[in-house]
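Source file: upload00.cif. Holds: mmCIF, C-alpha atoms.
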```cif
data_query
loop_
_atom_site.label_atom_id
_atom_site.label_comp_id
_atom_site.auth_asym_id
_atom_site.auth_seq_id
_atom_site.Cartn_x
_atom_site.Cartn_y
_atom_site.Cartn_z
CA MET A 146 -7.59 1.71 -4.84
CA SER A 147 -6.10 5.11 -4.12
CA PHE A 148 -7.79 6.95 -1.28
CA VAL A 149 -8.83 10.56 -1.73
CA ASN A 150 -10.07 12.39 1.34
CA TYR A 151 -11.76 15.54 0.08
CA HIS A 152 -12.32 16.93 3.54
CA THR A 153 -8.67 16.88 4.56
CA LYS A 154 -7.54 17.13 0.91
CA GLU A 155 -5.26 14.12 1.10
CA VAL A 156 -4.38 11.55 -1.52
CA ASN A 157 -2.99 8.11 -0.55
CA CYS A 158 -1.49 5.87 -3.21
CA LYS A 159 0.03 2.39 -3.17
CA ILE A 160 3.08 1.75 -5.33
CA VAL A 161 4.57 -1.75 -5.55
CA TYR A 162 8.12 -2.58 -6.62
CA TYR A 163 8.00 -5.92 -8.43
CA GLY A 164 10.67 -8.05 -10.09
CA PRO A 165 12.90 -11.10 -9.84
CA GLY A 166 14.79 -12.04 -6.71
CA LEU A 167 17.96 -10.06 -5.96
CA GLY A 168 17.04 -7.55 -8.66
CA GLY A 169 17.28 -4.50 -6.38
CA LYS A 170 13.72 -3.77 -5.24
CA THR A 171 14.62 -3.44 -1.58
CA THR A 172 17.73 -1.44 -2.51
CA ASN A 173 15.49 1.08 -4.29
CA ILE A 174 13.31 1.51 -1.20
CA GLN A 175 16.31 1.73 1.12
CA TYR A 176 17.91 4.43 -1.02
CA ILE A 177 14.67 6.43 -1.02
CA TYR A 178 14.50 6.06 2.77
CA GLN A 179 18.09 7.26 3.22
CA LYS A 180 17.61 10.32 1.05
CA THR A 181 14.26 11.48 2.38
CA SER A 182 14.17 13.98 5.20
CA SER A 183 13.04 12.48 8.49
CA GLN A 184 9.84 14.52 8.85
CA ASN A 185 8.59 13.21 5.50
CA LYS A 186 9.01 9.49 6.01
CA GLY A 187 7.63 6.92 8.36
CA GLN A 188 9.40 3.86 9.63
CA ILE A 189 10.68 1.47 7.01
CA ILE A 190 9.25 -1.97 7.68
CA THR A 191 11.19 -4.95 6.41
CA LEU A 192 9.98 -8.50 6.86
CA ASN A 193 13.10 -10.48 5.96
CA THR A 194 14.45 -13.99 6.21
CA GLU A 195 17.54 -14.41 8.38
CA ASN A 196 19.78 -13.94 5.33
CA GLU A 197 18.10 -10.62 4.56
CA ARG A 198 15.97 -11.77 1.63
CA THR A 199 12.50 -10.23 1.60
CA LEU A 200 10.08 -12.67 3.21
CA PHE A 201 6.75 -10.86 2.93
CA PHE A 202 7.22 -7.21 2.03
CA ASP A 203 9.15 -4.02 2.66
CA PHE A 204 7.06 -0.95 3.35
CA LEU A 205 7.95 2.72 3.34
CA PRO A 206 5.35 5.48 3.83
CA LEU A 207 6.34 8.78 2.22
CA ASP A 208 4.57 12.04 3.01
CA LEU A 209 5.36 14.50 0.28
CA GLY A 210 4.17 18.02 -0.37
CA GLU A 211 1.00 19.25 -1.98
CA ILE A 212 -0.07 19.06 -5.56
CA ARG A 213 -2.96 21.26 -6.68
CA GLY A 214 -3.92 21.64 -3.03
CA PHE A 215 -3.92 17.90 -2.25
CA LYS A 216 -1.41 16.56 0.26
CA THR A 217 0.11 13.40 -1.16
CA ARG A 218 1.13 10.27 0.68
CA PHE A 219 2.76 7.36 -1.14
CA HIS A 220 2.93 3.87 0.34
CA LEU A 221 5.87 2.04 -1.23
CA TYR A 222 5.91 -1.76 -1.05
CA THR A 223 8.25 -4.39 -2.43
CA VAL A 224 7.28 -7.98 -3.08
CA PRO A 225 9.52 -10.94 -2.26
CA GLY A 226 11.24 -11.82 -5.54
CA GLN A 227 11.99 -15.45 -4.96
CA VAL A 228 9.85 -17.75 -7.12
CA PHE A 229 8.25 -19.71 -4.28
CA TYR A 230 6.68 -16.61 -2.66
CA GLU A 231 4.03 -16.28 -5.36
CA ALA A 232 1.15 -16.29 -2.85
CA SER A 233 2.69 -13.32 -0.99
CA ARG A 234 3.15 -11.39 -4.22
CA LYS A 235 -0.52 -11.81 -5.09
CA LEU A 236 -1.53 -10.44 -1.70
CA ILE A 237 0.69 -7.39 -1.92
CA LEU A 238 -0.66 -6.50 -5.37
CA ARG A 239 -4.17 -6.06 -3.97
CA GLY A 240 -5.24 -2.46 -4.28
CA VAL A 241 -2.09 -1.41 -6.14
CA ASP A 242 -2.17 2.00 -7.84
CA GLY A 243 1.17 1.86 -9.63
CA LEU A 244 4.05 -0.50 -10.31
CA VAL A 245 7.78 -0.36 -10.79
CA PHE A 246 9.19 -3.45 -12.46
CA VAL A 247 12.84 -3.72 -11.38
CA ALA A 248 14.65 -5.87 -13.93
CA ASP A 249 18.15 -7.24 -13.34
CA SER A 250 20.22 -6.28 -16.38
CA GLN A 251 22.65 -9.18 -16.12
CA VAL A 252 22.53 -11.66 -19.00
CA GLU A 253 22.12 -14.63 -16.69
CA ARG A 254 19.02 -13.06 -15.08
CA MET A 255 17.02 -12.55 -18.28
CA GLU A 256 15.05 -15.74 -17.80
CA ALA A 257 14.20 -14.73 -14.23
CA ASN A 258 13.13 -11.27 -15.47
CA LEU A 259 10.81 -12.79 -18.04
CA GLU A 260 9.33 -15.27 -15.59
CA SER A 261 8.73 -12.52 -13.06
CA TYR A 262 7.14 -10.15 -15.58
CA GLN A 263 4.86 -12.85 -16.93
CA GLY A 264 3.86 -13.66 -13.35
CA LEU A 265 3.09 -10.00 -12.74
CA GLU A 266 0.80 -9.76 -15.77
CA ARG A 267 -0.90 -13.00 -14.76
CA ASN A 268 -1.42 -11.87 -11.16
CA LEU A 269 -2.78 -8.48 -12.21
CA ALA A 270 -5.19 -10.06 -14.66
CA GLU A 271 -6.34 -12.53 -11.97
CA GLN A 272 -7.24 -9.57 -9.77
CA GLY A 273 -9.22 -7.91 -12.51
CA TYR A 274 -6.74 -5.26 -13.57
CA ASP A 275 -6.39 -4.25 -17.19
CA VAL A 276 -2.61 -4.54 -17.39
CA SER A 277 -2.32 -1.96 -20.14
CA LYS A 278 -4.03 0.63 -17.93
CA VAL A 279 -2.08 0.15 -14.69
CA PRO A 280 0.53 2.90 -14.29
CA MET A 281 3.86 1.11 -14.63
CA VAL A 282 7.50 2.06 -15.01
CA MET A 283 10.27 -0.30 -16.08
CA GLN A 284 13.64 0.04 -14.37
CA TRP A 285 16.68 -1.59 -15.94
CA ASN A 286 18.80 -1.99 -12.83
CA LYS A 287 22.46 -2.92 -12.27
CA ARG A 288 23.70 -1.05 -15.35
CA ASP A 289 27.14 -0.74 -13.74
CA LEU A 290 27.83 -4.47 -13.86
CA PRO A 291 29.75 -6.30 -16.61
CA ASN A 292 27.90 -8.80 -18.75
CA ILE A 293 24.67 -6.84 -19.04
CA VAL A 294 21.97 -7.11 -21.67
CA PRO A 295 21.70 -4.11 -24.04
CA VAL A 296 18.74 -1.86 -23.21
CA GLU A 297 17.23 -2.56 -26.64
CA ASP A 298 17.05 -6.28 -25.80
CA LEU A 299 15.51 -5.61 -22.38
CA ARG A 300 12.96 -3.38 -24.04
CA PHE A 301 12.19 -5.97 -26.72
CA GLN A 302 11.79 -8.80 -24.21
CA LEU A 303 10.09 -7.02 -21.31
CA ASN A 304 8.55 -3.77 -22.44
CA LYS A 305 6.27 -4.60 -25.32
CA ARG A 306 3.64 -2.30 -23.80
CA LYS A 307 6.06 0.63 -24.03
CA PHE A 308 5.88 1.72 -20.40
CA PRO A 309 8.27 4.55 -19.42
CA GLU A 310 11.70 3.10 -18.65
CA PHE A 311 14.86 4.13 -16.82
CA GLU A 312 18.37 2.74 -16.49
CA ALA A 313 19.47 2.49 -12.88
CA VAL A 314 22.18 1.58 -10.43
CA ALA A 315 20.10 1.39 -7.28
CA THR A 316 23.11 0.88 -5.02
CA ASN A 317 24.31 4.43 -5.74
CA GLY A 318 20.89 5.93 -6.41
CA GLN A 319 21.23 6.40 -10.14
CA GLY A 320 17.76 6.31 -11.68
CA VAL A 321 16.01 5.60 -8.38
CA PHE A 322 14.21 8.93 -8.04
CA ASP A 323 13.65 9.30 -11.79
CA THR A 324 11.75 6.03 -11.60
CA LEU A 325 9.80 7.01 -8.50
CA LYS A 326 8.88 10.42 -9.87
CA MET A 327 7.62 8.93 -13.11
CA VAL A 328 5.47 6.29 -11.45
CA SER A 329 4.17 8.86 -8.96
CA LYS A 330 3.14 11.16 -11.77
CA SER A 331 1.44 8.33 -13.65
CA VAL A 332 -0.40 7.24 -10.50
CA LEU A 333 -1.60 10.75 -9.66
CA LEU A 334 -2.84 11.26 -13.20
CA ASN A 335 -4.71 7.97 -13.00
CA ILE A 336 -6.65 8.81 -9.82
CA LYS A 337 -10.34 8.90 -10.41
CA GLY A 338 -11.78 12.11 -9.05
CA GLY A 339 -15.14 13.17 -7.88
CA LEU A 340 -16.12 10.06 -5.96
CA GLU A 341 -15.74 9.50 -2.29
CA MET B 117 -23.77 10.44 9.83
CA LYS B 118 -24.40 9.73 6.15
CA SER B 119 -22.98 13.06 5.12
CA LEU B 120 -19.65 12.41 6.83
CA ASN B 121 -16.75 10.68 5.13
CA VAL B 122 -15.42 7.46 6.60
CA VAL B 123 -12.51 9.13 8.42
CA ASP B 124 -14.81 11.55 10.22
CA LYS B 125 -17.31 8.80 11.00
CA MET B 126 -14.66 6.72 12.72
CA LYS B 127 -13.37 9.71 14.64
CA LEU B 128 -16.87 10.51 15.82
CA ILE B 129 -17.43 6.97 17.07
CA LEU B 130 -14.01 6.13 18.46
CA GLU B 131 -12.74 9.36 20.02
CA PRO B 132 -15.21 9.24 22.93
CA LYS B 133 -14.18 5.65 23.64
CA ARG B 134 -10.44 6.29 23.89
CA ALA B 135 -10.48 7.14 27.55
CA GLY B 136 -12.31 3.93 28.47
CA ILE B 137 -9.99 1.57 26.65
CA ASN B 138 -6.43 0.93 27.76
CA ALA B 139 -5.15 0.15 24.29
CA ARG B 140 -4.15 1.64 21.00
CA LEU B 141 -7.34 1.59 18.96
CA PHE B 142 -7.26 1.82 15.19
CA VAL B 143 -9.23 1.31 11.99
CA THR B 144 -7.48 0.31 8.79
CA ARG B 145 -8.87 -0.12 5.33
CA GLU B 146 -8.33 -3.50 3.69
CA ASP B 147 -5.51 -2.18 1.50
CA GLY B 148 -3.53 -0.72 4.40
CA ILE B 149 -4.83 2.85 4.40
CA THR B 150 -5.15 4.35 7.89
CA ILE B 151 -8.68 5.50 8.72
CA TYR B 152 -8.28 6.12 12.44
CA ASP B 153 -5.52 5.70 15.02
CA SER B 154 -5.81 6.76 18.64
CA ILE B 155 -2.05 7.28 18.71
CA GLN B 156 -0.98 9.45 15.81
CA ASN B 157 2.75 9.19 15.27
CA GLN B 158 5.28 7.90 12.76
CA THR B 159 4.19 4.31 13.33
CA THR B 160 0.59 4.96 12.29
CA THR B 161 0.97 4.09 8.62
CA SER B 162 3.21 1.14 9.48
CA VAL B 163 0.54 -0.28 11.78
CA SER B 164 -1.99 -0.09 8.97
CA ALA B 165 0.29 -1.73 6.41
CA LEU B 166 1.16 -4.56 8.77
CA VAL B 167 -2.44 -5.10 9.87
CA SER B 168 -3.51 -5.37 6.26
CA GLY B 169 -0.66 -7.76 5.49
CA VAL B 170 -1.17 -10.01 8.49
CA TRP B 171 -4.92 -10.27 7.86
CA GLN B 172 -4.47 -11.07 4.19
CA ALA B 173 -1.84 -13.68 4.97
CA SER B 174 -4.06 -15.29 7.61
CA GLU B 175 -7.02 -15.29 5.25
CA ALA B 176 -4.92 -16.92 2.55
CA LEU B 177 -3.68 -19.53 5.05
CA MET B 178 -7.23 -20.34 6.10
CA GLY B 179 -8.26 -20.55 2.47
CA LEU B 180 -5.67 -23.27 1.84
CA ALA B 181 -7.38 -25.54 4.31
CA HIS B 182 -11.00 -24.40 3.99
CA PRO B 183 -11.73 -22.43 0.83
CA ASN B 184 -14.85 -20.27 0.42
CA GLN B 185 -15.29 -19.43 4.09
CA ASP B 186 -16.91 -16.19 5.16
CA VAL B 187 -13.90 -14.50 6.74
CA MET B 188 -16.03 -11.59 7.96
CA GLU B 189 -16.92 -13.83 10.89
CA PHE B 190 -13.29 -14.31 11.86
CA ARG B 191 -11.22 -12.48 14.47
CA LEU B 192 -7.45 -12.39 14.60
CA GLY B 193 -5.51 -12.53 17.83
CA PHE B 194 -1.82 -12.51 18.69
CA ASP B 195 -1.43 -12.38 22.42
CA THR B 196 -0.05 -13.45 25.76
CA SER B 197 -2.02 -13.22 28.98
CA SER B 198 -1.32 -9.48 29.30
CA GLN B 199 -0.42 -8.04 25.89
CA GLY B 200 -1.37 -8.55 22.30
CA ILE B 201 -3.19 -7.54 19.15
CA TYR B 202 -6.85 -8.13 18.36
CA LEU B 203 -8.44 -7.53 14.95
CA MET B 204 -12.01 -7.69 13.69
CA PRO B 205 -13.27 -7.00 10.16
CA PHE B 206 -16.34 -4.93 9.33
CA SER B 207 -17.97 -3.58 6.19
CA LEU B 208 -19.03 -0.12 5.18
CA ASN B 209 -20.38 0.69 1.74
CA THR B 210 -19.12 -2.66 0.38
CA LYS B 211 -15.56 -1.90 1.48
CA ARG B 212 -13.84 -3.94 4.16
CA TYR B 213 -12.08 -2.41 7.16
CA PHE B 214 -10.39 -3.74 10.29
CA LEU B 215 -11.04 -2.52 13.80
CA GLY B 216 -8.07 -3.36 15.99
CA ALA B 217 -6.51 -2.90 19.39
CA ILE B 218 -2.90 -3.23 20.49
CA TYR B 219 -2.57 -3.56 24.24
CA GLN B 220 0.14 -4.00 26.87
CA ASP B 221 0.13 -4.61 30.63
CA CYS B 222 -3.54 -5.45 30.45
CA ILE B 223 -4.98 -7.08 33.58
CA ASN B 224 -8.08 -8.40 31.83
CA PRO B 225 -7.54 -8.91 28.08
CA GLY B 226 -10.85 -10.74 27.82
CA GLN B 227 -12.70 -7.64 28.95
CA LEU B 228 -10.76 -5.47 26.53
CA LYS B 229 -11.60 -7.78 23.63
CA ARG B 230 -15.24 -7.64 24.66
CA GLN B 231 -15.07 -3.83 24.52
CA VAL B 232 -13.68 -4.05 20.99
CA VAL B 233 -16.47 -6.45 19.99
CA MET B 234 -19.05 -4.02 21.41
CA ILE B 235 -17.58 -1.12 19.43
CA LYS B 236 -17.69 -3.23 16.31
CA GLU B 237 -21.33 -4.15 16.97
CA GLU B 238 -22.17 -0.50 17.51
CA MET B 239 -20.55 0.38 14.19
CA ASP B 240 -22.44 -2.44 12.45
CA ARG B 241 -25.70 -0.96 13.77
CA LEU B 242 -24.80 2.60 12.79
CA PHE B 243 -23.63 1.63 9.34
CA ALA B 244 -26.40 -0.84 8.55
CA SER B 245 -28.58 1.87 7.06
CA GLU B 246 -25.71 3.19 4.98
CA PHE B 247 -24.76 -0.08 3.36
CA VAL B 248 -26.15 0.77 -0.04
CA THR B 249 -25.61 4.52 0.11
CA PRO B 250 -24.87 5.62 -3.45
CA LYS B 251 -21.53 7.28 -3.98
CA THR B 252 -21.76 11.03 -4.05
CA LYS B 253 -20.29 13.05 -6.81
CA ILE B 254 -18.37 15.79 -5.07
CA GLN B 255 -16.17 17.40 -7.63
CA THR B 256 -14.07 16.68 -10.65
CA MET B 257 -11.07 18.59 -11.77
CA GLY B 258 -10.12 18.56 -15.39
CA ARG B 259 -10.38 15.39 -17.49
CA GLU B 260 -13.73 13.76 -17.07
CA GLY B 261 -13.59 11.37 -14.15
CA PHE B 262 -9.99 12.05 -13.17
CA LEU B 263 -8.81 14.11 -10.23
CA PHE B 264 -5.98 15.86 -12.07
CA GLN B 265 -6.11 17.04 -15.65
CA GLU B 266 -2.41 17.40 -16.07
CA ILE B 267 0.65 17.33 -13.85
CA THR B 268 3.88 18.81 -15.10
CA ASP B 269 7.37 17.46 -14.39
CA ALA B 270 8.09 20.71 -12.55
CA GLU B 271 5.16 20.05 -10.19
CA ILE B 272 6.46 16.55 -9.49
CA ASP B 273 9.94 17.96 -8.84
CA ARG B 274 8.44 20.48 -6.39
CA LEU B 275 6.46 17.69 -4.71
CA PHE B 276 9.60 15.66 -4.10
CA SER B 277 11.72 18.62 -3.12
CA ALA B 278 9.16 19.29 -0.40
CA GLY B 279 10.11 15.84 0.86
CA GLY B 280 13.72 16.90 1.07
CA ILE B 281 14.65 14.91 -2.03
#
```

Could you rewrite the structure in this file as C-alpha cells?
Amino acid sequence: MSFVNYHTKEVNCKIVYYGPGLGGKTTNIQYIYQKTSSQNKGQIITLNTENERTLFFDFLPLDLGEIRGFKTRFHLYTVPGQVFYEASRKLILRGVDGLVFVADSQVERMEANLESYQGLERNLAEQGYDVSKVPMVMQWNKRDLPNIVPVEDLRFQLNKRKFPEFEAVATNGQGVFDTLKMVSKSVLLNIKGGLE
Amino acid sequence: MKSLNVVDKMKLILEPKRAGINARLFVTREDGITIYDSIQNQTTTSVSALVSGVWQASEALMGLAHPNQDVMEFRLGFDTSSQGIYLMPFSLNTKRYFLGAIYQDCINPGQLKRQVVMIKEEMDRLFASEFVTPKTKIQTMGREGFLFQEITDAEIDRLFSAGGI
C-alpha cells in the first residue's frame, strides 16, 4: 500500500514493528526518534496504558533524503504486544509495506515469540498478503541479557523463511538502525512502479 | 480533473474553501497517508495516522455489534459544543479516504459540519465520473513492474545520513 506521488516524486511507506509484549518494539522506535535530526522527524505518537504499555500503536514519521530522485518518507508503527490486543494488531497491519519482527531473546520468552510470530503470519494471510513476499526483517533483541537463546535456535524456531536477521540491544541502539535500513531497502525494492 | 493525481485534485477543491472554514481541513487515505492538510506542519503526518487509527478502531467496534454494515454512510464525531473533530469517508477510484475537520472556539459547530458535508457531496459529484478510471501507466524504472531495479547499501546509508542518522 505504499504511496508513490510521481508529480512531487515522493514515496511513502508503512513499516510495522511486530512482536511479543515487552520485546522492545517501542524501544526501537524511541531510539530512532532520539537519534534522528529534528528537521527529519515528525512528532512521535504513543498511545499507552497508564503503566506505559502500548495500548493501540506508536507512530513515528521519518522524512529521509532522496533515492534515485524520489523523496522518501517512512511511517513507523508498533503494535501492542500483549496477547489480548489482537484486534488492534490486525488493524495496524492494514496497508503494511514492511515488517520488523522484534523477538525477545530470553529463554522464558520463546513461547511468547512463537505465539506472536504465528499470529503475525495468520493476520497477514487473513488480509490477503503472501507472507513469503512481504518484506520482513527479524531482530533478535535483548542480546545483552543473561539466559538468552542461541541465535541458531531463534533462527530455527522463528525464521524458517530465512528473512534477513540482526542481533540487537535496542536500549543502547545496537542493531536498531541496521534493522531499519534493511527493512527500508527491502520495502523500497518491493514498491510497484509505473502505476498511480 | 481526470489527468490530475489525487493530491492535486484535493488541493484544487479544498484550497479555495480554506478561507471560508474556521477549521483545520484535511484528507487522509485509509492507511494513514496524508493527501491534503490546510495546516502543513510537523503534526500533519501524525493527524493522518491518528485519523486512520481512530476510524479503523471505530469501524471494528461497530462491527462487533452489527457486522456487515456499510460504513461509508457513517460519520465520526468527537466534540464539545465549541470544539471537536468531524470525519467523513469518501471513495475515489475504489480507494477510501477521509475528509475531516478539527475545530476550536467554534460558535456554530453544526454549520461547520454542514460545510464539511457539502464539500464531501461536491467531491462525490466531481469524482463520480472517475470511479472506474483505469490506472495509467506512467513509467517504470528497471525491473518490470517495480519502481527501483536495485538499491545499494551505500544508497541506503546516504538516505539515512541525510536524516542525520

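Straight-line separation from CA of Ser164 (chain B) to CA of Gln231 (chain B): 20.7 Å.
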
(message) Would you pick out the contacts of region 178-195 of chain B at 12 Å or less, using all atoms listed in the file, so that residues sharing its chain but fewer than 2 positions from it are not included, and give the list as number ranges by chain?
(response) A: 232; B: 146, 167-168, 170-176, 197-207, 211-222, 225-226, 229-230, 232-233, 236

Tell me as an mmCIF file with C-alpha atoms, in the coordinates of the input which residues belonging to chain A come within 8 Å of chain B, counting only C-alpha atoms.
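After the write, part.cif holds the following:
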```cif
data_model
loop_
_atom_site.group_PDB
_atom_site.id
_atom_site.type_symbol
_atom_site.label_atom_id
_atom_site.label_comp_id
_atom_site.auth_asym_id
_atom_site.auth_seq_id
_atom_site.Cartn_x
_atom_site.Cartn_y
_atom_site.Cartn_z
ATOM 1 C CA MET A 146 -7.590 1.710 -4.840
ATOM 2 C CA PHE A 148 -7.790 6.950 -1.280
ATOM 3 C CA ASN A 150 -10.070 12.390 1.340
ATOM 4 C CA HIS A 152 -12.320 16.930 3.540
ATOM 5 C CA ASN A 157 -2.990 8.110 -0.550
ATOM 6 C CA LYS A 180 17.610 10.320 1.050
ATOM 7 C CA THR A 181 14.260 11.480 2.380
ATOM 8 C CA SER A 182 14.170 13.980 5.200
ATOM 9 C CA ASN A 185 8.590 13.210 5.500
ATOM 10 C CA LYS A 186 9.010 9.490 6.010
ATOM 11 C CA GLY A 187 7.630 6.920 8.360
ATOM 12 C CA GLN A 188 9.400 3.860 9.630
ATOM 13 C CA ILE A 189 10.680 1.470 7.010
ATOM 14 C CA ILE A 190 9.250 -1.970 7.680
ATOM 15 C CA PHE A 204 7.060 -0.950 3.350
ATOM 16 C CA LEU A 205 7.950 2.720 3.340
ATOM 17 C CA PRO A 206 5.350 5.480 3.830
ATOM 18 C CA ASP A 208 4.570 12.040 3.010
ATOM 19 C CA LEU A 209 5.360 14.500 0.280
ATOM 20 C CA GLY A 210 4.170 18.020 -0.370
ATOM 21 C CA GLU A 211 1.000 19.250 -1.980
ATOM 22 C CA ILE A 212 -0.070 19.060 -5.560
ATOM 23 C CA SER A 233 2.690 -13.320 -0.990
ATOM 24 C CA LEU A 236 -1.530 -10.440 -1.700
ATOM 25 C CA ILE A 237 0.690 -7.390 -1.920
ATOM 26 C CA ARG A 239 -4.170 -6.060 -3.970
ATOM 27 C CA GLY A 240 -5.240 -2.460 -4.280
ATOM 28 C CA LYS A 326 8.880 10.420 -9.870
ATOM 29 C CA LYS A 330 3.140 11.160 -11.770
ATOM 30 C CA LEU A 333 -1.600 10.750 -9.660
ATOM 31 C CA LEU A 334 -2.840 11.260 -13.200
ATOM 32 C CA ASN A 335 -4.710 7.970 -13.000
ATOM 33 C CA ILE A 336 -6.650 8.810 -9.820
ATOM 34 C CA LYS A 337 -10.340 8.900 -10.410
ATOM 35 C CA GLY A 338 -11.780 12.110 -9.050
ATOM 36 C CA GLY A 339 -15.140 13.170 -7.880
ATOM 37 C CA LEU A 340 -16.120 10.060 -5.960
ATOM 38 C CA GLU A 341 -15.740 9.500 -2.290
#
```

(request) Find, counting all atoms listed in the file, the residue in A:His220, A:Lys170, A:Lys287, A:Arg300 that gets nearest to Asp242 (chain A). (result) A:His220

(request) Mind giving me the straight-line distance from CA of Met327 (chain A) to CA of Gln175 (chain A) in Å, one decimal? (result) 18.2 Å

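Atom pair CA of Tyr178 (chain A) / CA of Leu221 (chain A): separated by 10.3 Å.
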
(message) Can you tell me which residues surround Leu299 (chain A) at a distance of at most 9 Å, considering only C-alpha atoms, apart from same-chain residues fewer than 3 positions away, and format the answer as an MDAnalysis selection string?
(response) chainID A and resid 248 250 255 285 294:296 302:304

(request) Within 7 Å of Phe308 (chain A), counting all atoms listed in the file, which residues show up once you throw out same-chain ones fewer than 2 positions away? Write them as a PyMOL selection string, please. (result) chain A and resi 281-283+304+306+310

List the residues selected by the PyMOL selection byres ((chain A and resi 173) around 8) in the file shown, writing them as a tab-separated table (two decimals) with C-alpha atoms, in the coordinates of the input.
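Listing of result-v3.tsv after writing:
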```tsv
chain	number	residue	atom	x	y	z
A	169	GLY	CA	17.28	-4.50	-6.38
A	170	LYS	CA	13.72	-3.77	-5.24
A	171	THR	CA	14.62	-3.44	-1.58
A	172	THR	CA	17.73	-1.44	-2.51
A	174	ILE	CA	13.31	1.51	-1.20
A	175	GLN	CA	16.31	1.73	1.12
A	176	TYR	CA	17.91	4.43	-1.02
A	177	ILE	CA	14.67	6.43	-1.02
A	315	ALA	CA	20.10	1.39	-7.28
A	316	THR	CA	23.11	0.88	-5.02
A	318	GLY	CA	20.89	5.93	-6.41
A	321	VAL	CA	16.01	5.60	-8.38
```

(request) Determine, counting all atoms listed in the file, which protein, DNA and RNA residues have an atom within 9 Å of an atom of Ala257 (chain A); residues of the same chain fewer than 6 positions away are not included. Present the result as JSON, numbers by chain. (result) {"A": [164, 165, 166, 228, 248, 249]}

(request) Name the residues that the PyMOL selection byres ((chain B and resi 130) around 10) picks from the file above, as a ChimeraX atom specification, using the file's chain letters and numbers. (result) /B:124-129,131-135,141-143,152-154,235,239

Please complete region 204-221 of chain B with N, CA and C atoms and give it back as a compact mmCIF listing (two decimals), in the frame of the given file.
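Result went into rebuild.txt, see below:
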```
# COMPACT_ATOMS: atom_id res chain seq x y z
N MET B 204 -10.69 -7.25 14.15
CA MET B 204 -12.01 -7.69 13.69
C MET B 204 -12.36 -6.96 12.39
N PRO B 205 -12.88 -7.68 11.40
CA PRO B 205 -13.27 -7.00 10.16
C PRO B 205 -14.69 -6.45 10.24
N PHE B 206 -14.97 -5.39 9.49
CA PHE B 206 -16.34 -4.93 9.33
C PHE B 206 -16.48 -4.28 7.96
N SER B 207 -17.72 -4.13 7.53
CA SER B 207 -17.97 -3.58 6.19
C SER B 207 -18.66 -2.23 6.27
N LEU B 208 -18.33 -1.39 5.33
CA LEU B 208 -19.03 -0.12 5.18
C LEU B 208 -19.04 0.23 3.70
N ASN B 209 -20.24 0.37 3.16
CA ASN B 209 -20.38 0.69 1.74
C ASN B 209 -19.59 -0.27 0.85
N THR B 210 -19.74 -1.55 1.13
CA THR B 210 -19.12 -2.66 0.38
C THR B 210 -17.60 -2.72 0.51
N LYS B 211 -17.01 -1.81 1.27
CA LYS B 211 -15.56 -1.90 1.48
C LYS B 211 -15.30 -2.57 2.82
N ARG B 212 -14.16 -3.23 2.93
CA ARG B 212 -13.84 -3.94 4.16
C ARG B 212 -12.78 -3.16 4.96
N TYR B 213 -13.00 -3.10 6.25
CA TYR B 213 -12.08 -2.41 7.16
C TYR B 213 -11.77 -3.33 8.34
N PHE B 214 -10.71 -3.00 9.08
CA PHE B 214 -10.39 -3.74 10.29
C PHE B 214 -10.38 -2.79 11.48
N LEU B 215 -11.11 -3.22 12.51
CA LEU B 215 -11.04 -2.52 13.80
C LEU B 215 -10.05 -3.31 14.64
N GLY B 216 -9.08 -2.62 15.24
CA GLY B 216 -8.07 -3.36 15.99
C GLY B 216 -7.65 -2.66 17.26
N ALA B 217 -7.07 -3.44 18.14
CA ALA B 217 -6.51 -2.90 19.39
C ALA B 217 -5.15 -3.55 19.63
N ILE B 218 -4.21 -2.72 20.04
CA ILE B 218 -2.90 -3.23 20.49
C ILE B 218 -2.78 -2.85 21.97
N TYR B 219 -2.56 -3.84 22.80
CA TYR B 219 -2.57 -3.56 24.24
C TYR B 219 -1.34 -4.17 24.93
N GLN B 220 -1.00 -3.55 26.06
CA GLN B 220 0.14 -4.00 26.87
C GLN B 220 -0.24 -3.88 28.33
N ASP B 221 0.38 -4.67 29.18
CA ASP B 221 0.13 -4.61 30.63
C ASP B 221 -1.36 -4.58 30.93
```
